[in-house]
file coords.cif (mmCIF, C-alpha atoms and all ligand atoms)
data_model
#
loop_
_atom_site.label_atom_id
_atom_site.label_comp_id
_atom_site.auth_asym_id
_atom_site.auth_seq_id
_atom_site.Cartn_x
_atom_site.Cartn_y
_atom_site.Cartn_z
CA MET A 759 0.00 0.00 0.00
CA LYS A 760 1.26 3.47 -0.86
CA ILE A 761 0.38 6.32 1.51
CA ASP A 762 1.36 9.86 0.58
CA VAL A 763 1.17 12.39 3.39
CA LEU A 764 0.99 16.16 2.92
CA THR A 765 2.18 17.99 5.98
CA LEU A 766 4.00 21.07 7.21
CA PHE A 767 5.93 18.89 9.67
CA PRO A 768 7.23 15.75 7.92
CA GLU A 769 9.86 15.31 10.64
CA MET A 770 7.08 14.41 13.09
CA PHE A 771 6.44 11.18 11.19
CA THR A 772 9.85 9.59 11.00
CA PRO A 773 10.17 8.37 14.62
CA VAL A 774 6.84 6.59 14.19
CA THR A 775 7.10 5.34 10.63
CA GLU A 776 10.67 4.08 11.06
CA ALA A 777 10.09 2.21 14.33
CA SER A 778 8.57 -1.13 15.18
CA MET A 779 5.85 -2.63 13.01
CA LEU A 780 5.57 0.28 10.55
CA GLY A 781 9.33 0.32 10.06
CA ARG A 782 9.38 -3.41 9.35
CA ALA A 783 6.42 -3.15 6.96
CA ARG A 784 8.27 -0.46 5.03
CA GLU A 785 11.48 -2.52 4.97
CA LYS A 786 9.53 -5.49 3.61
CA GLY A 787 8.05 -3.25 0.91
CA ILE A 788 4.48 -3.88 2.06
CA LEU A 789 4.00 -0.26 3.03
CA ASP A 790 5.40 2.78 1.27
CA ILE A 791 4.96 6.11 3.06
CA GLY A 792 5.78 9.25 1.09
CA LEU A 793 6.18 12.43 3.14
CA HIS A 794 5.65 15.71 1.29
CA ASN A 795 6.33 19.07 2.85
CA ILE A 796 3.67 21.54 1.72
CA ARG A 797 6.10 24.40 2.40
CA ASP A 798 8.36 23.16 -0.40
CA TYR A 799 5.59 24.10 -2.83
CA THR A 800 5.18 27.75 -1.85
CA GLN A 801 6.02 30.34 -4.47
CA ASP A 802 6.56 33.48 -2.43
CA LYS A 803 9.93 34.40 -0.98
CA HIS A 804 8.77 33.96 2.64
CA ASN A 805 7.50 30.42 2.01
CA ARG A 806 4.14 31.30 3.50
CA THR A 807 1.57 28.57 3.61
CA ASP A 808 -1.21 30.38 5.49
CA ASP A 809 -3.07 33.68 5.54
CA TYR A 810 -5.86 35.47 7.41
CA PRO A 811 -9.39 34.11 6.97
CA PHE A 812 -11.76 36.00 4.70
CA GLY A 813 -14.60 37.34 6.81
CA GLY A 814 -12.37 37.83 9.82
CA GLY A 815 -12.04 35.74 12.93
CA GLY A 816 -9.07 34.39 14.80
CA GLY A 817 -6.32 32.15 13.52
CA MET A 818 -4.88 31.50 10.10
CA VAL A 819 -6.02 29.35 7.21
CA GLN A 820 -3.78 27.20 5.04
CA MET A 821 -3.76 28.58 1.51
CA ALA A 822 -4.96 26.48 -1.37
CA ASP A 823 -2.06 27.00 -3.78
CA PRO A 824 0.81 25.16 -2.01
CA ILE A 825 -1.54 22.25 -1.32
CA PHE A 826 -2.79 22.14 -4.92
CA ARG A 827 0.80 22.17 -6.18
CA THR A 828 1.84 19.36 -3.84
CA LEU A 829 -1.13 17.23 -4.86
CA GLU A 830 -0.46 17.85 -8.55
CA ASP A 831 3.25 17.10 -8.18
CA ILE A 832 2.68 13.74 -6.48
CA GLY A 833 0.01 12.78 -9.03
CA ALA A 834 -2.90 12.70 -6.60
CA GLN A 835 -5.50 13.05 -9.35
CA GLY A 836 -8.00 10.20 -9.12
CA LYS A 837 -6.63 8.94 -5.80
CA ARG A 838 -8.53 8.82 -2.55
CA LEU A 839 -7.72 11.91 -0.49
CA LEU A 840 -8.34 11.89 3.25
CA TYR A 841 -8.25 15.16 5.13
CA MET A 842 -7.64 14.72 8.85
CA SER A 843 -10.30 16.91 10.46
CA PRO A 844 -12.40 17.05 13.62
CA ARG A 845 -15.40 17.66 11.32
CA GLY A 846 -14.92 14.27 9.69
CA ARG A 847 -16.35 10.84 10.14
CA ILE A 848 -14.80 9.23 13.19
CA ILE A 849 -12.51 6.32 12.31
CA ASP A 850 -13.81 2.89 13.23
CA GLN A 851 -12.71 -0.65 12.46
CA PRO A 852 -14.98 -1.23 9.42
CA MET A 853 -13.68 1.99 7.87
CA LEU A 854 -10.08 0.90 8.49
CA GLU A 855 -10.74 -2.52 6.97
CA GLU A 856 -12.12 -0.87 3.88
CA LEU A 857 -9.13 1.51 3.66
CA ALA A 858 -6.68 -1.37 4.02
CA GLU A 859 -7.99 -2.70 0.69
CA GLU A 860 -6.83 0.42 -1.16
CA GLU A 861 -3.57 0.39 -3.08
CA GLU A 862 -2.97 4.13 -2.77
CA VAL A 863 -4.22 6.78 -0.37
CA VAL A 864 -3.26 10.41 0.09
CA ILE A 865 -3.56 12.05 3.52
CA LEU A 866 -3.68 15.79 4.09
CA CYS A 867 -2.76 17.10 7.54
CA GLY A 868 -4.15 20.49 8.47
CA HIS A 869 -2.79 23.11 10.86
CA TYR A 870 -3.95 26.43 12.32
CA GLU A 871 -7.68 26.81 11.53
CA GLY A 872 -7.49 24.22 8.77
CA VAL A 873 -7.28 24.43 4.99
CA ASP A 874 -9.02 26.62 2.43
CA GLN A 875 -12.32 24.91 1.61
CA ARG A 876 -11.56 25.00 -2.11
CA VAL A 877 -8.88 22.34 -1.62
CA LEU A 878 -11.44 20.00 -0.10
CA ASP A 879 -14.08 20.73 -2.72
CA TYR A 880 -11.85 20.47 -5.77
CA TRP A 881 -10.02 17.33 -4.65
CA GLN A 882 -13.18 15.75 -3.20
CA ALA A 883 -11.47 15.11 0.10
CA GLU A 884 -13.05 12.81 2.66
CA GLU A 885 -12.82 14.36 6.11
CA VAL A 886 -11.68 11.86 8.72
CA SER A 887 -11.53 12.40 12.47
CA ILE A 888 -9.90 10.40 15.24
CA GLY A 889 -12.35 11.59 17.89
CA ASP A 890 -14.33 14.45 19.33
CA TYR A 891 -11.44 16.59 20.51
CA ILE A 892 -9.17 19.13 18.85
CA LEU A 893 -5.50 18.53 18.08
CA THR A 894 -3.13 21.28 17.02
CA GLY A 895 -2.45 19.53 13.73
CA GLY A 896 -3.45 16.55 11.63
CA GLU A 897 -0.10 14.75 11.95
CA LEU A 898 -0.84 12.75 15.09
CA ALA A 899 -4.26 11.86 13.70
CA ALA A 900 -2.69 10.72 10.42
CA MET A 901 -0.22 8.55 12.33
CA VAL A 902 -3.07 6.92 14.24
CA LEU A 903 -4.82 6.21 10.95
CA ILE A 904 -1.68 4.85 9.26
CA ASP A 905 -0.80 2.62 12.20
CA ALA A 906 -4.29 1.19 12.48
CA VAL A 907 -4.63 0.58 8.72
CA ALA A 908 -1.14 -0.87 8.36
CA ARG A 909 -1.73 -3.67 10.84
CA LEU A 910 -4.63 -4.87 8.69
CA ILE A 911 -2.53 -5.18 5.53
CA PRO A 912 -1.63 -8.84 4.95
CA GLY A 913 1.97 -9.54 5.92
CA VAL A 914 2.39 -6.61 8.29
CA LEU A 915 1.64 -8.50 11.49
CA GLY A 916 3.78 -11.57 12.10
CA ASN A 917 0.89 -13.79 13.08
CA LYS A 918 -2.09 -13.62 10.76
CA ASP A 919 -4.53 -14.34 13.57
CA SER A 920 -3.41 -11.61 15.90
CA ALA A 921 -5.49 -8.84 14.30
CA LEU A 922 -8.62 -10.98 14.48
CA ASP A 923 -8.45 -11.54 18.24
CA GLU A 924 -8.05 -7.91 19.20
CA SER A 925 -10.64 -5.86 21.02
CA ILE A 926 -13.25 -4.31 18.72
CA TYR A 927 -12.19 -6.39 15.69
CA SER A 928 -13.74 -9.51 17.20
CA GLY A 929 -16.83 -7.53 18.23
CA LEU A 930 -15.91 -7.82 21.92
CA LEU A 931 -13.26 -6.25 24.14
CA GLU A 932 -10.27 -8.48 24.67
CA HIS A 933 -9.94 -10.74 27.72
CA PRO A 934 -7.13 -10.06 30.26
CA GLN A 935 -3.65 -11.27 29.29
CA TYR A 936 -0.94 -12.69 31.60
CA THR A 937 2.68 -13.73 31.13
CA GLN A 938 5.57 -15.06 33.26
CA PRO A 939 6.03 -15.33 36.19
CA ARG A 940 3.02 -17.31 37.37
CA ASN A 941 3.16 -15.66 40.76
CA TYR A 942 4.13 -12.00 40.94
CA ARG A 943 4.14 -10.37 44.38
CA ASP A 944 1.58 -12.91 45.55
CA MET A 945 -0.69 -12.28 42.57
CA GLU A 946 -1.42 -15.57 40.82
CA VAL A 947 -2.22 -16.07 37.17
CA PRO A 948 -5.78 -17.51 36.92
CA GLU A 949 -5.49 -21.27 37.30
CA VAL A 950 -7.37 -22.06 34.09
CA LEU A 951 -4.65 -20.47 31.95
CA THR A 952 -2.04 -22.92 33.17
CA SER A 953 -4.36 -25.95 33.01
CA GLY A 954 -3.40 -26.92 29.48
CA ASN A 955 -7.11 -27.47 28.73
CA HIS A 956 -7.60 -25.39 25.60
CA ARG A 957 -11.37 -25.63 25.51
CA ARG A 958 -11.59 -24.41 29.12
CA ILE A 959 -9.14 -21.60 28.34
CA ASP A 960 -11.16 -20.51 25.29
CA LEU A 961 -14.40 -20.46 27.25
CA TRP A 962 -12.81 -18.59 30.16
CA ARG A 963 -11.41 -15.96 27.78
CA PHE A 964 -14.73 -15.69 26.00
CA GLU A 965 -16.57 -15.18 29.29
CA GLN A 966 -14.04 -12.55 30.41
CA SER A 967 -14.49 -10.73 27.10
CA LEU A 968 -18.26 -10.83 27.47
CA GLN A 969 -18.12 -9.44 30.99
CA LEU A 970 -15.66 -6.67 30.15
CA THR A 971 -17.72 -5.67 27.13
CA ALA A 972 -20.93 -5.69 29.18
CA GLN A 973 -19.34 -3.43 31.81
CA ARG A 974 -17.54 -1.01 29.51
CA ARG A 975 -19.25 -1.15 26.11
CA PRO A 976 -22.77 -2.57 26.41
CA ASP A 977 -23.48 -1.11 22.95
CA LEU A 978 -20.89 -3.48 21.46
CA LEU A 979 -22.27 -6.45 23.36
CA LEU A 980 -25.78 -5.79 22.11
CA GLU A 981 -24.45 -5.65 18.55
CA TYR A 982 -22.51 -8.86 19.11
CA ALA A 983 -25.60 -10.59 20.50
CA LYS A 984 -27.19 -10.37 17.03
CA GLN A 985 -24.98 -13.27 15.96
CA ARG A 986 -26.12 -15.36 18.94
CA GLU A 987 -27.47 -18.16 16.72
CA LYS A 988 -24.07 -18.68 15.10
CA LEU A 989 -22.38 -19.39 18.45
CA GLY A 990 -21.73 -22.84 19.90
CA LYS A 991 -23.96 -24.13 22.68
CA GLU A 992 -21.57 -23.24 25.53
CA GLU A 993 -20.76 -19.83 24.08
CA ARG A 994 -24.46 -19.06 23.69
CA ARG A 995 -25.07 -20.03 27.31
CA LEU A 996 -22.29 -17.68 28.47
CA LEU A 997 -23.62 -14.87 26.30
CA ASP A 998 -27.15 -15.31 27.66
CA SER A 999 -26.02 -15.38 31.27
CA THR A 1000 -23.90 -12.24 30.77
CA LEU A 1001 -26.80 -10.41 29.12
CA GLN A 1002 -29.01 -11.42 32.03
CA ALA A 1003 -26.45 -10.50 34.70
CA TYR A 1004 -26.04 -7.02 33.23
CA ASP A 1005 -29.75 -6.58 32.62
CA LEU A 1006 -29.23 -6.31 28.87
CA TYR A 1007 -31.40 -9.23 27.82
CA ARG A 1008 -34.54 -7.15 27.82
CA ILE A 1009 -33.01 -4.79 25.22
CA ILE A 1010 -32.31 -7.37 22.49
C1 LIG B 1 -6.73 23.30 15.43
S1 LIG B 1 -7.27 22.14 14.24
C2 LIG B 1 -8.42 23.06 13.30
C3 LIG B 1 -9.82 22.86 13.74
C4 LIG B 1 -10.82 23.56 12.88
N1 LIG B 1 -10.71 24.98 13.01
C5 LIG B 1 -12.22 23.12 13.27
O1 LIG B 1 -12.79 23.68 14.19
O2 LIG B 1 -12.75 22.15 12.66
C6 LIG B 1 -5.91 22.02 13.18
C7 LIG B 1 -5.82 20.73 12.39
O3 LIG B 1 -5.65 19.64 13.26
C8 LIG B 1 -6.22 18.48 12.71
N2 LIG B 1 -7.16 17.90 13.72
C9 LIG B 1 -7.55 18.49 14.86
N3 LIG B 1 -8.37 17.70 15.56
C10 LIG B 1 -8.51 16.56 14.84
C11 LIG B 1 -9.24 15.36 15.03
N4 LIG B 1 -10.00 15.16 16.11
N5 LIG B 1 -9.14 14.39 14.09
C12 LIG B 1 -8.39 14.57 12.99
N6 LIG B 1 -7.66 15.70 12.75
C13 LIG B 1 -7.72 16.68 13.66
C14 LIG B 1 -6.88 18.88 11.41
O4 LIG B 1 -6.04 18.51 10.34
C15 LIG B 1 -7.03 20.38 11.55
O5 LIG B 1 -7.01 21.01 10.31
#
call {"tool": "encode", "arguments": {"input": "coords.cif", "output": "structure tokens"}}
result
Amino acid sequence: MKIDVLTLFPEMFTPVTEASMLGRAREKGILDIGLHNIRDYTQDKHNRTDDYPFGGGGGMVQMADPIFRTLEDIGAQGKRLLYMSPRGRIIDQPMLEELAEEEEVVILCGHYEGVDQRVLDYWQAEEVSIGDYILTGGELAAMVLIDAVARLIPGVLGNKDSALDESIYSGLLEHPQYTQPRNYRDMEVPEVLTSGNHRRIDLWRFEQSLQLTAQRRPDLLLEYAKQREKLGKEERRLLDSTLQAYDLYRII
């Protein structure tokens, strides 16, 4: 997958895109991230990228021209352009799965009060948000998006199953995890996890996931309960008892 990023601060990306999983995906050639500094495309001698908003008001607005020139130079015509913006649709797992299917995506990071609307209109940008709060710039949001999409691209994660088990992806929040030592400061790992009985372990984890989801995200559990008929007998029994215990049964 090729991701081109337009930003005023390309240096913010390198510690993230060169480290860990993203770094390895790039080394393997599965992910190609192109960083393009919008300032390099200014035409005035002060390299200005922003100006005062028409109509007044505080803050500055990123001018259309340097962004147009960057997009034209990288050949963004016809490609999907995402503009990181608190006005956008909030990223969720289905949206990321759909994005991970794309071969090429262009991401525009805003700053100040955002970009001139004509950029968004002309280039038919999709506005994408990472949540209902305001960041100073789109870079951190773009990195969240890139990281979350990248791990869905085949070959990026070492173990193909690991994305499927995660919270949200499976429809439930993930069960608690433990590792060595078995006893840490008198806190024991739950006995079932060291029993070697894989069926018991699976059911215990499933029940833990159900309970966590019921406590923290009942909305997700209610959605998950729609596939009740597809579950095995034991799993269905655990789901029903969790729904009852958390008084959610009456809602479905
Ligand atoms: C200070 S914000 C501008 C906010 C804009 N004036 C508004 O009210 O919609 C500067 C830039 O940060 C980015 N940004 C801020 N919050 C964001 C969020 N929740 N999700 C994605 N990008 C965000 C956008 O690229 C935005 O152009």
call {"tool": "closest_atom_pairs", "arguments": {"input": "coords.cif", "of": "chain A", "to": "ligand LIG 1 (chain B)", "cutoff": "6 Å", "atoms": "all atoms listed in the file", "output": "JSON lines"}}
result
{"residue": "A:Met842", "atom": "CA", "partner": "B:LIG1", "partner_atom": "N6", "distance": 4.0}
{"residue": "A:Ser843", "atom": "CA", "partner": "B:LIG1", "partner_atom": "N6", "distance": 3.7}
{"residue": "A:Pro844", "atom": "CA", "partner": "B:LIG1", "partner_atom": "C11", "distance": 3.9}
{"residue": "A:Arg845", "atom": "CA", "partner": "B:LIG1", "partner_atom": "O2", "distance": 5.4}
{"residue": "A:Cys867", "atom": "CA", "partner": "B:LIG1", "partner_atom": "O4", "distance": 4.5}
{"residue": "A:Gly868", "atom": "CA", "partner": "B:LIG1", "partner_atom": "O4", "distance": 3.3}
{"residue": "A:His869", "atom": "CA", "partner": "B:LIG1", "partner_atom": "C6", "distance": 4.0}
{"residue": "A:Tyr870", "atom": "CA", "partner": "B:LIG1", "partner_atom": "C6", "distance": 4.9}
{"residue": "A:Glu871", "atom": "CA", "partner": "B:LIG1", "partner_atom": "N1", "distance": 3.8}
{"residue": "A:Gly872", "atom": "CA", "partner": "B:LIG1", "partner_atom": "O5", "distance": 3.6}
{"residue": "A:Ser887", "atom": "CA", "partner": "B:LIG1", "partner_atom": "N5", "distance": 3.5}
{"residue": "A:Ile888", "atom": "CA", "partner": "B:LIG1", "partner_atom": "N5", "distance": 4.2}
{"residue": "A:Gly889", "atom": "CA", "partner": "B:LIG1", "partner_atom": "N4", "distance": 4.6}
{"residue": "A:Asp890", "atom": "CA", "partner": "B:LIG1", "partner_atom": "N4", "distance": 5.4}
{"residue": "A:Tyr891", "atom": "CA", "partner": "B:LIG1", "partner_atom": "N4", "distance": 4.8}
{"residue": "A:Ile892", "atom": "CA", "partner": "B:LIG1", "partner_atom": "N3", "distance": 3.7}
{"residue": "A:Leu893", "atom": "CA", "partner": "B:LIG1", "partner_atom": "C9", "distance": 3.8}
{"residue": "A:Thr894", "atom": "CA", "partner": "B:LIG1", "partner_atom": "C1", "distance": 4.4}
{"residue": "A:Gly895", "atom": "CA", "partner": "B:LIG1", "partner_atom": "O3", "distance": 3.2}
{"residue": "A:Gly896", "atom": "CA", "partner": "B:LIG1", "partner_atom": "O4", "distance": 3.5}
{"residue": "A:Ala899", "atom": "CA", "partner": "B:LIG1", "partner_atom": "C12", "distance": 5.0}
call {"tool": "residues_around", "arguments": {"input": "coords.cif", "residues": "range 964-971 of chain A", "least_positions_apart": "5", "cutoff": "9 Å", "atoms": "only C-alpha atoms", "output": "list in words"}}
result
Ser925, Leu930, Leu931, Glu932, His933, Pro934, Ile959, Pro976, Asp977, Leu978, Leu979, Glu993, Leu996, Leu997, Thr1000, Leu1001 and Tyr1004 of chain A
call {"tool": "closest_atom_pairs", "arguments": {"input": "coords.cif", "of": "range 865-944 of chain A", "to": "range 783-786 of chain A", "cutoff": "12 Å", "atoms": "only C-alpha atoms", "output": "tab-separated table"}}
result
residue	atom	partner	partner_atom	distance
A:Ile904	CA	A:Ala783	CA	11.6
A:Asp905	CA	A:Ala783	CA	10.6
A:Val907	CA	A:Ala783	CA	11.8
A:Ala908	CA	A:Ala783	CA	8.0
A:Arg909	CA	A:Ala783	CA	9.0
A:Leu910	CA	A:Ala783	CA	11.3
A:Ile911	CA	A:Ala783	CA	9.3
A:Pro912	CA	A:Ala783	CA	10.1
A:Gly913	CA	A:Ala783	CA	7.9
A:Val914	CA	A:Ala783	CA	5.5
A:Leu915	CA	A:Ala783	CA	8.5
A:Gly916	CA	A:Ala783	CA	10.2
call {"tool": "closest_residue", "arguments": {"input": "coords.cif", "among": "A:Arg963, A:Glu884, A:Met821, A:Ser928", "to": "Asp809 in chain A", "atoms": "all atoms listed in the file"}}
result
A:Met821
call {"tool": "closest_residue", "arguments": {"input": "coords.cif", "among": "A:Met901, A:Thr828, A:Asp850, A:Ile796", "to": "Pro773 in chain A", "atoms": "all atoms listed in the file"}}
result
A:Met901
call {"tool": "build_atoms", "arguments": {"input": "coords.cif", "residues": "range 890-915 of chain A", "atoms": "N, CA and C atoms", "output": "PDB file, in the frame of the given file"}}
result
ATOM      1  N   ASP A 890     -13.726  13.144  19.059  1.00  0.00           N
ATOM      2  CA  ASP A 890     -14.330  14.450  19.330  1.00  0.00           C
ATOM      3  C   ASP A 890     -13.474  15.277  20.282  1.00  0.00           C
ATOM      4  N   TYR A 891     -12.325  15.679  19.790  1.00  0.00           N
ATOM      5  CA  TYR A 891     -11.440  16.590  20.510  1.00  0.00           C
ATOM      6  C   TYR A 891     -10.570  17.266  19.462  1.00  0.00           C
ATOM      7  N   ILE A 892      -9.926  18.355  19.839  1.00  0.00           N
ATOM      8  CA  ILE A 892      -9.170  19.130  18.850  1.00  0.00           C
ATOM      9  C   ILE A 892      -7.669  18.997  19.097  1.00  0.00           C
ATOM     10  N   LEU A 893      -6.970  18.591  18.047  1.00  0.00           N
ATOM     11  CA  LEU A 893      -5.500  18.530  18.080  1.00  0.00           C
ATOM     12  C   LEU A 893      -4.974  19.811  17.445  1.00  0.00           C
ATOM     13  N   THR A 894      -3.676  20.077  17.658  1.00  0.00           N
ATOM     14  CA  THR A 894      -3.130  21.280  17.020  1.00  0.00           C
ATOM     15  C   THR A 894      -2.886  21.056  15.529  1.00  0.00           C
ATOM     16  N   GLY A 895      -2.689  19.810  15.140  1.00  0.00           N
ATOM     17  CA  GLY A 895      -2.450  19.530  13.730  1.00  0.00           C
ATOM     18  C   GLY A 895      -2.903  18.134  13.379  1.00  0.00           C
ATOM     19  N   GLY A 896      -2.954  17.853  12.078  1.00  0.00           N
ATOM     20  CA  GLY A 896      -3.450  16.550  11.630  1.00  0.00           C
ATOM     21  C   GLY A 896      -2.408  15.440  11.670  1.00  0.00           C
ATOM     22  N   GLU A 897      -1.157  15.765  12.039  1.00  0.00           N
ATOM     23  CA  GLU A 897      -0.100  14.750  11.950  1.00  0.00           C
ATOM     24  C   GLU A 897      -0.331  13.567  12.887  1.00  0.00           C
ATOM     25  N   LEU A 898      -0.632  13.861  14.152  1.00  0.00           N
ATOM     26  CA  LEU A 898      -0.840  12.750  15.090  1.00  0.00           C
ATOM     27  C   LEU A 898      -2.045  11.910  14.655  1.00  0.00           C
ATOM     28  N   ALA A 899      -3.071  12.583  14.172  1.00  0.00           N
ATOM     29  CA  ALA A 899      -4.260  11.860  13.700  1.00  0.00           C
ATOM     30  C   ALA A 899      -3.905  10.975  12.518  1.00  0.00           C
ATOM     31  N   ALA A 900      -3.086  11.513  11.592  1.00  0.00           N
ATOM     32  CA  ALA A 900      -2.690  10.720  10.420  1.00  0.00           C
ATOM     33  C   ALA A 900      -1.882   9.507  10.859  1.00  0.00           C
ATOM     34  N   MET A 901      -1.038   9.686  11.868  1.00  0.00           N
ATOM     35  CA  MET A 901      -0.220   8.550  12.330  1.00  0.00           C
ATOM     36  C   MET A 901      -1.100   7.475  12.961  1.00  0.00           C
ATOM     37  N   VAL A 902      -2.127   7.901  13.665  1.00  0.00           N
ATOM     38  CA  VAL A 902      -3.070   6.920  14.240  1.00  0.00           C
ATOM     39  C   VAL A 902      -3.725   6.130  13.098  1.00  0.00           C
ATOM     40  N   LEU A 903      -4.162   6.860  12.094  1.00  0.00           N
ATOM     41  CA  LEU A 903      -4.820   6.210  10.950  1.00  0.00           C
ATOM     42  C   LEU A 903      -3.867   5.235  10.253  1.00  0.00           C
ATOM     43  N   ILE A 904      -2.646   5.697   9.980  1.00  0.00           N
ATOM     44  CA  ILE A 904      -1.680   4.850   9.260  1.00  0.00           C
ATOM     45  C   ILE A 904      -1.362   3.599  10.070  1.00  0.00           C
ATOM     46  N   ASP A 905      -1.135   3.774  11.359  1.00  0.00           N
ATOM     47  CA  ASP A 905      -0.800   2.620  12.200  1.00  0.00           C
ATOM     48  C   ASP A 905      -1.931   1.603  12.215  1.00  0.00           C
ATOM     49  N   ALA A 906      -3.145   2.101  12.366  1.00  0.00           N
ATOM     50  CA  ALA A 906      -4.290   1.190  12.480  1.00  0.00           C
ATOM     51  C   ALA A 906      -4.613   0.506  11.154  1.00  0.00           C
ATOM     52  N   VAL A 907      -4.391   1.208  10.034  1.00  0.00           N
ATOM     53  CA  VAL A 907      -4.630   0.580   8.720  1.00  0.00           C
ATOM     54  C   VAL A 907      -3.520  -0.431   8.434  1.00  0.00           C
ATOM     55  N   ALA A 908      -2.282  -0.032   8.728  1.00  0.00           N
ATOM     56  CA  ALA A 908      -1.140  -0.870   8.360  1.00  0.00           C
ATOM     57  C   ALA A 908      -1.250  -2.264   8.963  1.00  0.00           C
ATOM     58  N   ARG A 909      -1.708  -2.346  10.204  1.00  0.00           N
ATOM     59  CA  ARG A 909      -1.730  -3.670  10.840  1.00  0.00           C
ATOM     60  C   ARG A 909      -2.781  -4.587  10.242  1.00  0.00           C
ATOM     61  N   LEU A 910      -3.630  -4.037   9.363  1.00  0.00           N
ATOM     62  CA  LEU A 910      -4.630  -4.870   8.690  1.00  0.00           C
ATOM     63  C   LEU A 910      -4.146  -5.342   7.317  1.00  0.00           C
ATOM     64  N   ILE A 911      -3.036  -4.782   6.850  1.00  0.00           N
ATOM     65  CA  ILE A 911      -2.530  -5.180   5.530  1.00  0.00           C
ATOM     66  C   ILE A 911      -1.847  -6.546   5.677  1.00  0.00           C
ATOM     67  N   PRO A 912      -2.236  -7.501   4.825  1.00  0.00           N
ATOM     68  CA  PRO A 912      -1.630  -8.840   4.950  1.00  0.00           C
ATOM     69  C   PRO A 912      -0.108  -8.772   4.933  1.00  0.00           C
ATOM     70  N   GLY A 913       0.509  -9.489   5.872  1.00  0.00           N
ATOM     71  CA  GLY A 913       1.970  -9.540   5.920  1.00  0.00           C
ATOM     72  C   GLY A 913       2.593  -8.564   6.886  1.00  0.00           C
ATOM     73  N   VAL A 914       1.807  -7.603   7.372  1.00  0.00           N
ATOM     74  CA  VAL A 914       2.390  -6.610   8.290  1.00  0.00           C
ATOM     75  C   VAL A 914       2.554  -7.203   9.688  1.00  0.00           C
ATOM     76  N   LEU A 915       1.525  -7.844  10.184  1.00  0.00           N
ATOM     77  CA  LEU A 915       1.640  -8.500  11.490  1.00  0.00           C
ATOM     78  C   LEU A 915       2.277  -9.869  11.273  1.00  0.00           C
TER      79      LEU A 915
END
